[in-house]
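Trainee: Got coords.cif for you, mmCIF, C-alpha atoms:
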data_final
loop_
_atom_site.label_atom_id
_atom_site.label_comp_id
_atom_site.auth_asym_id
_atom_site.auth_seq_id
_atom_site.Cartn_x
_atom_site.Cartn_y
_atom_site.Cartn_z
CA MET A 24 -4.14 29.14 -120.19
CA PRO A 25 -6.68 26.30 -120.67
CA SER A 26 -10.32 27.18 -120.25
CA LYS A 27 -12.57 25.75 -117.53
CA ARG A 28 -14.42 23.73 -120.17
CA ARG A 29 -11.22 22.01 -121.27
CA LEU A 30 -10.31 21.25 -117.66
CA ARG A 31 -13.78 19.77 -117.14
CA TRP A 32 -13.40 17.45 -120.12
CA VAL A 33 -10.10 16.25 -118.67
CA ALA A 34 -11.40 15.83 -115.10
CA ILE A 35 -14.53 13.82 -116.01
CA PRO A 36 -12.81 10.88 -117.75
CA LEU A 37 -10.04 10.95 -115.14
CA GLY A 38 -12.62 10.62 -112.35
CA ILE A 39 -14.42 7.80 -114.16
CA ALA A 40 -11.15 5.94 -114.74
CA THR A 41 -10.25 6.32 -111.05
CA ALA A 42 -13.64 4.97 -109.93
CA VAL A 43 -13.38 1.99 -112.28
CA ALA A 44 -9.87 1.23 -111.08
CA LEU A 45 -10.93 1.34 -107.43
CA ALA A 46 -13.96 -0.83 -108.13
CA GLY A 47 -11.70 -3.49 -109.61
CA CYS A 48 -9.43 -3.66 -106.56
CA SER A 49 -9.10 -6.98 -104.77
CA PRO A 50 -9.78 -7.22 -101.01
CA LEU A 51 -6.02 -7.11 -100.46
CA GLU A 52 -5.71 -3.79 -102.30
CA THR A 53 -8.91 -2.33 -100.82
CA HIS A 54 -7.65 -3.01 -97.30
CA GLY A 55 -4.22 -1.51 -97.78
CA PHE A 56 -2.47 -4.78 -98.74
CA LEU A 57 -3.03 -6.11 -95.22
CA PRO A 58 -3.87 -9.78 -94.51
CA GLY A 59 -6.96 -10.81 -92.57
CA PHE A 60 -9.57 -10.21 -95.28
CA VAL A 61 -11.06 -12.46 -97.96
CA GLU A 62 -13.37 -11.96 -100.93
CA GLY A 63 -16.97 -11.80 -99.71
CA GLY A 64 -16.06 -12.85 -96.17
CA SER A 65 -15.78 -11.20 -92.78
CA ALA A 66 -12.56 -9.99 -91.24
CA ALA A 67 -10.54 -12.49 -89.20
CA THR A 68 -11.53 -10.91 -85.84
CA ASN A 69 -13.75 -8.19 -84.47
CA GLN A 70 -10.67 -5.95 -84.22
CA THR A 71 -9.08 -6.55 -87.62
CA ALA A 72 -11.16 -3.91 -89.43
CA ARG A 73 -10.32 -1.35 -86.73
CA VAL A 74 -6.57 -1.89 -87.18
CA GLU A 75 -6.95 -1.80 -90.97
CA SER A 76 -8.90 1.45 -90.85
CA LEU A 77 -6.25 3.13 -88.71
CA TRP A 78 -3.50 1.90 -91.05
CA VAL A 79 -5.19 2.90 -94.31
CA ASN A 80 -6.45 6.29 -93.11
CA SER A 81 -3.02 7.15 -91.70
CA TRP A 82 -1.45 6.41 -95.08
CA ILE A 83 -4.09 8.52 -96.85
CA VAL A 84 -3.30 11.49 -94.61
CA LEU A 85 0.44 11.01 -95.00
CA LEU A 86 0.10 10.69 -98.77
CA ALA A 87 -1.95 13.90 -98.92
CA VAL A 88 0.70 15.70 -96.87
CA GLY A 89 3.39 14.31 -99.15
CA ILE A 90 1.58 15.41 -102.33
CA ILE A 91 1.07 18.94 -100.98
CA THR A 92 4.69 19.16 -99.81
CA TRP A 93 6.11 17.83 -103.06
CA GLY A 94 3.81 20.12 -105.02
CA LEU A 95 4.94 23.20 -103.10
CA MET A 96 8.57 22.20 -103.51
CA GLY A 97 8.09 21.77 -107.26
CA TRP A 98 6.23 25.06 -107.52
CA ALA A 99 9.00 26.90 -105.66
CA LEU A 100 11.65 25.32 -107.86
CA ALA A 101 9.82 26.40 -111.01
CA VAL A 102 8.69 29.89 -110.01
CA TYR A 103 11.80 31.01 -108.16
CA ARG A 104 14.40 29.43 -110.40
CA ARG A 105 17.30 31.53 -111.50
CA ARG A 106 16.56 33.30 -114.78
CA LYS A 107 19.02 33.99 -117.53
CA GLY A 108 21.12 37.00 -116.74
CA GLN A 109 20.39 36.98 -113.00
CA THR A 110 23.32 37.14 -110.60
CA GLY A 111 23.76 37.14 -106.86
CA LEU A 112 21.33 35.91 -104.24
CA PRO A 113 17.58 36.52 -104.33
CA VAL A 114 15.92 38.78 -101.81
CA GLN A 115 16.02 37.12 -98.37
CA LEU A 116 12.80 37.12 -96.33
CA ARG A 117 12.79 36.65 -92.56
CA TYR A 118 10.27 36.51 -89.76
CA ASN A 119 7.18 35.96 -91.87
CA MET A 120 4.88 35.28 -88.93
CA PRO A 121 1.81 34.07 -90.88
CA ILE A 122 3.88 31.42 -92.70
CA GLU A 123 5.71 30.38 -89.51
CA ILE A 124 2.42 30.00 -87.65
CA LEU A 125 1.00 28.05 -90.60
CA TYR A 126 3.77 25.45 -90.74
CA THR A 127 3.68 25.10 -86.95
CA VAL A 128 -0.08 24.81 -86.43
CA ILE A 129 -0.89 22.49 -89.35
CA PRO A 130 1.61 19.74 -88.37
CA LEU A 131 0.43 20.06 -84.78
CA ILE A 132 -3.16 19.46 -85.89
CA PHE A 133 -2.12 16.39 -87.87
CA ILE A 134 -0.11 14.97 -84.95
CA MET A 135 -2.91 15.56 -82.44
CA GLY A 136 -5.45 14.02 -84.80
CA MET A 137 -3.38 10.90 -85.41
CA PHE A 138 -2.67 10.60 -81.68
CA PHE A 139 -6.38 10.82 -80.88
CA PHE A 140 -7.42 8.07 -83.29
CA THR A 141 -4.47 5.86 -82.30
CA ALA A 142 -5.20 6.24 -78.58
CA ARG A 143 -8.92 5.63 -79.17
CA ASP A 144 -8.36 2.42 -81.13
CA GLN A 145 -5.60 1.19 -78.83
CA THR A 146 -7.83 1.66 -75.79
CA GLU A 147 -10.59 -0.34 -77.45
CA ILE A 148 -8.25 -3.14 -78.54
CA GLU A 149 -6.50 -3.33 -75.17
CA THR A 150 -9.75 -3.58 -73.20
CA GLN A 151 -9.85 -7.10 -71.74
CA TRP A 152 -12.97 -9.24 -71.38
CA LYS A 153 -13.98 -9.55 -67.73
CA ASN A 154 -15.93 -12.73 -68.37
CA PRO A 155 -14.57 -14.33 -71.56
CA ASP A 156 -16.20 -17.39 -73.08
CA VAL A 157 -12.75 -18.94 -73.58
CA GLU A 158 -9.52 -18.22 -71.73
CA VAL A 159 -6.24 -19.59 -73.03
CA THR A 160 -2.72 -19.28 -71.68
CA ALA A 161 -0.08 -19.07 -74.41
CA ILE A 162 3.43 -19.76 -73.14
CA ALA A 163 6.50 -18.93 -75.23
CA LYS A 164 9.78 -20.79 -74.86
CA GLN A 165 12.93 -21.08 -76.91
CA TRP A 166 11.79 -21.93 -79.57
CA ALA A 167 8.23 -23.20 -79.47
CA TRP A 168 4.81 -22.65 -77.92
CA ASP A 169 2.67 -24.27 -75.22
CA PHE A 170 -1.09 -23.67 -75.01
CA GLN A 171 -3.28 -24.26 -71.98
CA TYR A 172 -7.05 -24.06 -72.25
CA ASP A 173 -7.98 -22.83 -68.80
CA GLY A 174 -10.97 -24.31 -67.04
CA GLU A 175 -13.28 -22.85 -64.43
CA GLN A 176 -11.16 -23.86 -61.43
CA LYS A 177 -8.68 -21.30 -60.14
CA ASP A 178 -6.00 -23.95 -59.69
CA ASN A 179 -6.45 -25.06 -63.32
CA SER A 180 -7.09 -28.62 -62.19
CA ASP A 181 -9.70 -28.91 -64.96
CA ALA A 182 -7.51 -27.29 -67.62
CA VAL A 183 -6.19 -29.10 -70.68
CA TRP A 184 -3.04 -28.32 -72.59
CA THR A 185 -0.70 -29.11 -75.43
CA MET A 186 3.06 -28.64 -75.63
CA GLY A 187 4.80 -27.84 -78.90
CA VAL A 188 8.23 -28.22 -80.42
CA GLN A 189 10.02 -25.85 -82.77
CA ALA A 190 9.57 -26.17 -86.50
CA GLN A 191 11.76 -28.71 -88.26
CA ALA A 192 12.90 -28.13 -91.83
CA ASP A 193 13.85 -30.86 -94.28
CA ALA A 194 16.87 -30.78 -96.60
CA ASN A 195 15.01 -28.44 -98.98
CA GLY A 196 14.01 -26.04 -96.22
CA ASN A 197 10.35 -27.09 -96.26
CA ILE A 198 8.48 -27.16 -92.95
CA ASP A 199 5.78 -29.69 -92.10
CA ARG A 200 3.09 -27.34 -90.76
CA ASP A 201 1.02 -30.24 -89.42
CA LYS A 202 3.69 -30.78 -86.75
CA LEU A 203 3.72 -27.18 -85.55
CA PRO A 204 2.13 -26.16 -82.22
CA THR A 205 -1.55 -25.44 -82.83
CA LEU A 206 -3.85 -23.01 -81.06
CA VAL A 207 -7.53 -23.92 -81.51
CA LEU A 208 -10.21 -21.27 -80.95
CA PRO A 209 -14.01 -21.30 -81.29
CA VAL A 210 -15.57 -18.90 -83.77
CA ASP A 211 -17.76 -15.99 -82.57
CA GLN A 212 -16.74 -16.45 -78.95
CA LYS A 213 -15.12 -13.95 -76.59
CA VAL A 214 -11.51 -15.10 -76.28
CA LYS A 215 -8.91 -13.91 -73.81
CA ILE A 216 -5.32 -15.04 -74.29
CA ASP A 217 -2.93 -14.67 -71.35
CA LEU A 218 0.64 -14.36 -72.61
CA GLN A 219 3.63 -15.67 -70.67
CA SER A 220 7.29 -16.40 -71.37
CA ARG A 221 9.44 -19.13 -69.87
CA ASP A 222 12.77 -17.50 -70.68
CA VAL A 223 13.61 -14.48 -72.87
CA ILE A 224 11.48 -11.81 -74.55
CA HIS A 225 9.16 -13.17 -77.23
CA SER A 226 6.26 -11.65 -79.16
CA PHE A 227 2.93 -13.36 -79.89
CA TRP A 228 1.80 -12.58 -83.44
CA ILE A 229 -1.12 -14.03 -85.40
CA ILE A 230 -0.48 -12.42 -88.76
CA ASP A 231 -4.05 -12.22 -90.11
CA PHE A 232 -5.33 -10.82 -86.81
CA LEU A 233 -3.16 -7.71 -87.37
CA TYR A 234 -1.96 -7.52 -83.79
CA LYS A 235 0.96 -8.70 -81.71
CA LYS A 236 2.02 -8.40 -78.08
CA ASP A 237 5.33 -8.88 -76.30
CA MET A 238 5.88 -11.64 -73.75
CA TYR A 239 8.53 -11.42 -71.07
CA ILE A 240 9.18 -12.59 -67.54
CA GLY A 241 7.94 -10.22 -64.85
CA LYS A 242 4.83 -8.95 -66.61
CA ASP A 243 2.13 -11.13 -68.12
CA ASN A 244 0.18 -9.55 -70.97
CA SER A 245 -3.34 -10.34 -72.16
CA TRP A 246 -5.26 -9.93 -75.40
CA SER A 247 -9.03 -10.10 -75.88
CA PHE A 248 -10.84 -10.51 -79.21
CA ILE A 249 -13.54 -12.45 -81.04
CA PRO A 250 -12.52 -14.73 -83.93
CA THR A 251 -15.15 -14.13 -86.61
CA ARG A 252 -14.15 -16.41 -89.48
CA ILE A 253 -13.50 -20.14 -89.50
CA GLY A 254 -10.14 -20.98 -91.04
CA GLU A 255 -6.46 -21.61 -90.48
CA TYR A 256 -3.97 -18.84 -89.80
CA ASP A 257 -0.22 -18.52 -89.36
CA GLY A 258 1.43 -17.41 -86.14
CA LYS A 259 5.02 -16.71 -85.22
CA CYS A 260 7.30 -15.02 -82.74
CA ALA A 261 7.88 -11.41 -83.79
CA GLU A 262 10.80 -10.68 -81.44
CA LEU A 263 14.36 -11.85 -82.13
CA CYS A 264 14.79 -14.40 -79.35
CA GLY A 265 17.81 -16.48 -80.22
CA GLU A 266 19.34 -18.86 -82.72
CA TYR A 267 16.13 -20.57 -83.88
CA HIS A 268 13.83 -17.56 -83.74
CA SER A 269 12.78 -18.14 -87.36
CA MET A 270 11.58 -21.64 -86.41
CA MET A 271 9.30 -20.41 -83.63
CA LEU A 272 6.09 -20.89 -85.60
CA PHE A 273 2.58 -22.03 -84.73
CA ASN A 274 -0.79 -22.64 -86.36
CA VAL A 275 -4.13 -21.13 -85.39
CA LYS A 276 -7.36 -22.97 -86.20
CA VAL A 277 -10.68 -21.18 -85.75
CA VAL A 278 -13.39 -23.84 -85.64
CA SER A 279 -17.03 -24.28 -84.70
CA GLN A 280 -18.03 -24.58 -81.06
CA ALA A 281 -18.70 -28.31 -81.48
CA ASP A 282 -15.28 -28.94 -83.05
CA TYR A 283 -13.66 -26.92 -80.29
CA GLN A 284 -15.27 -29.07 -77.60
CA ASP A 285 -14.21 -32.20 -79.46
CA TYR A 286 -10.63 -30.95 -79.49
CA LEU A 287 -10.67 -30.35 -75.73
CA ASP A 288 -12.06 -33.85 -75.21
CA GLU A 289 -9.21 -35.29 -77.30
CA LEU A 290 -6.67 -33.58 -75.05
CA ARG A 291 -8.40 -34.99 -71.97
CA ASP A 292 -8.35 -38.47 -73.44
CA LYS A 293 -4.57 -38.10 -73.96
CA GLY A 294 -4.15 -37.23 -70.29
CA ASN A 295 -3.08 -33.63 -70.96
CA THR A 296 -4.97 -32.29 -67.94
CA GLY A 297 -4.15 -30.08 -64.97
CA ASP A 298 -1.79 -27.13 -64.77
CA ILE A 299 0.68 -27.15 -67.66
CA THR A 300 3.43 -25.73 -65.44
CA ASP A 301 3.41 -28.87 -63.29
CA ALA A 302 3.62 -31.10 -66.36
CA TYR A 303 6.41 -28.97 -67.84
CA ASP A 304 8.43 -29.15 -64.63
CA ARG A 305 8.05 -32.92 -64.48
CA LEU A 306 9.25 -33.32 -68.06
CA SER A 307 12.14 -30.91 -67.57
CA ASN A 308 13.41 -32.96 -64.63
CA LEU A 309 13.48 -36.22 -66.58
CA PRO A 310 17.08 -37.40 -67.25
CA GLY A 311 18.27 -36.46 -70.72
CA THR A 312 15.26 -34.34 -71.63
CA GLY A 313 14.89 -30.64 -72.17
CA SER A 314 11.86 -28.43 -72.59
CA ASN A 315 11.29 -29.32 -76.24
CA SER A 316 12.30 -32.97 -76.12
CA GLY A 317 10.21 -33.56 -73.02
CA ALA A 318 7.20 -31.93 -74.63
CA LYS A 319 7.65 -34.14 -77.66
CA GLU A 320 7.60 -37.26 -75.53
CA GLU A 321 4.45 -36.10 -73.78
CA GLU A 322 2.73 -35.55 -77.10
#
Can you turn what I pasted into structure tokens?

Mentor:
Amino acid sequence: MPSKRRLRWVAIPLGIATAVALAGCSPLETHGFLPGFVEGGSAATNQTARVESLWVNSWIVLLAVGIITWGLMGWALAVYRRRKGQTGLPVQLRYNMPIEILYTVIPLIFIMGMFFFTARDQTEIETQWKNPDVEVTAIAKQWAWDFQYDGEQKDNSDAVWTMGVQAQADANGNIDRDKLPTLVLPVDQKVKIDLQSRDVIHSFWIIDFLYKKDMYIGKDNSWSFIPTRIGEYDGKCAELCGEYHSMMLFNVKVVSQADYQDYLDELRDKGNTGDITDAYDRLSNLPGTGSNSGAKEEE
């Protein structure tokens, strides 16, 4: 049996090697291979780190449980293996109450702990701003996105909007991302996005924000957050919604407050004002136009 001194000489270099390996991890590896983080920069939103922490810590707990379980299985296989010359079945043990209580209580503790942290973080993420700095209505349709930047009037008479069309691929399967629907948001502002669907069930997913919410007729969902890093992000529908589900893409641009105001002014100059539902209904009633083709003409 190895002495404690030998074990110590093995453990010390192993610990140093582990620390060096962890120190050399990229942001992607440090944050559990999740998007939304960059080298030396902040997370994409005020909620991204919370989601990442729940994800990574859950995997750490599950990995620890797995290692213990696999270790006990290996130990039992080695210690209680059939020896040479042995015949018949080993002694059968039943009703070992301490062991039964142990493997009932410990999983219960793990489940209750994971439920507590999940419920805590979900409650925080799902809390909606009462007085957001920016309120946007995102409307899903087969197979594109419309965005309305709501104004201060309840009838949305001072709102501005943009209608999108589904992604178009060339002969090589490449998509021109500049032509995708684009959601523009100001950095470091309280944003509330109201989610609606015009037809079937869709799901609003900004990948780097590490959160998505379903959209369906009969119940409008909302999502509140603060974009904390200027940049461009990918968005898509995360619910199978028909033939061109894979083409239901959109861009997200987080910009400065000044650039955000300039963007709203551009939409006003184009005449994209008022309630987007009224404009959509007008375009849908034009002869020979559908939801996407009408939106394209309006753009």

Trainee: Give me the residues near stretch 194-203 of chain A as a PyMOL selection string, where near means some atom within 8 Å (using all atoms listed in the file) and where sequence neighbours in that chain fewer than 6 positions away do not count.

Mentor: chain A and resi 187-188+272-274

Trainee: For A:Trp166, which residue out of A:Ala67, A:Met120, A:Met270, A:Ala302 is the nearest one, using only C-alpha atoms?

Mentor: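 Between A:Ala67, A:Met120, A:Met270, A:Ala302, the residue approaching A:Trp166 most closely is A:Met270.
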
Trainee: Counting only C-alpha atoms, figure out which residue out of A:Ile90, A:Leu233, A:Leu125, A:Met137 gets nearest to A:Val74.

Mentor: A:Leu233

Trainee: Identify all residues satisfying the PyMOL selection byres ((chain A and resi 250) around 9) in the given file; provide them as a PyMOL selection string.

Mentor: chain A and resi 66-70+208-214+232+248-249+251-253+277

Trainee: Quick one: of A:Trp184, A:Trp93, A:Trp246, A:Phe133, who's nearest to A:Tyr234, counting all atoms listed in the file?

Mentor: A:Trp246

Trainee: Can you measure atom CA of A:Cys260 to atom CA of A:Gln189 for me? One decimal in Å is fine.

Mentor: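 Taking atom CA of A:Cys260 and atom CA of A:Gln189, their separation equals 11.2 Å.
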
Trainee: Which centre and edge lengths in Å to one decimal define the box along x, y and z that fits every listed atom of stretch 153-165 of chain A plus 8 Å per side, as AutoDock Vina command-line options?

Mentor:
--center_x -1.6 --center_y -15.3 --center_z -72.3 --size_x 45.1 --size_y 27.5 --size_z 25.2

Trainee: Figure out the distance between atom CA of A:Lys215 and atom CA of A:Pro155, please, to one decimal in Å.

Mentor: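 Distance reported for this atom pair: 6.1 Å.
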
Trainee: Using Å and a single decimal, report how far atom CA of A:Trp152 sits from atom CA of A:Asp231.

Mentor: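 So the two atoms, atom CA of A:Asp231 and atom CA of A:Trp152, lie 21.0 Å apart.
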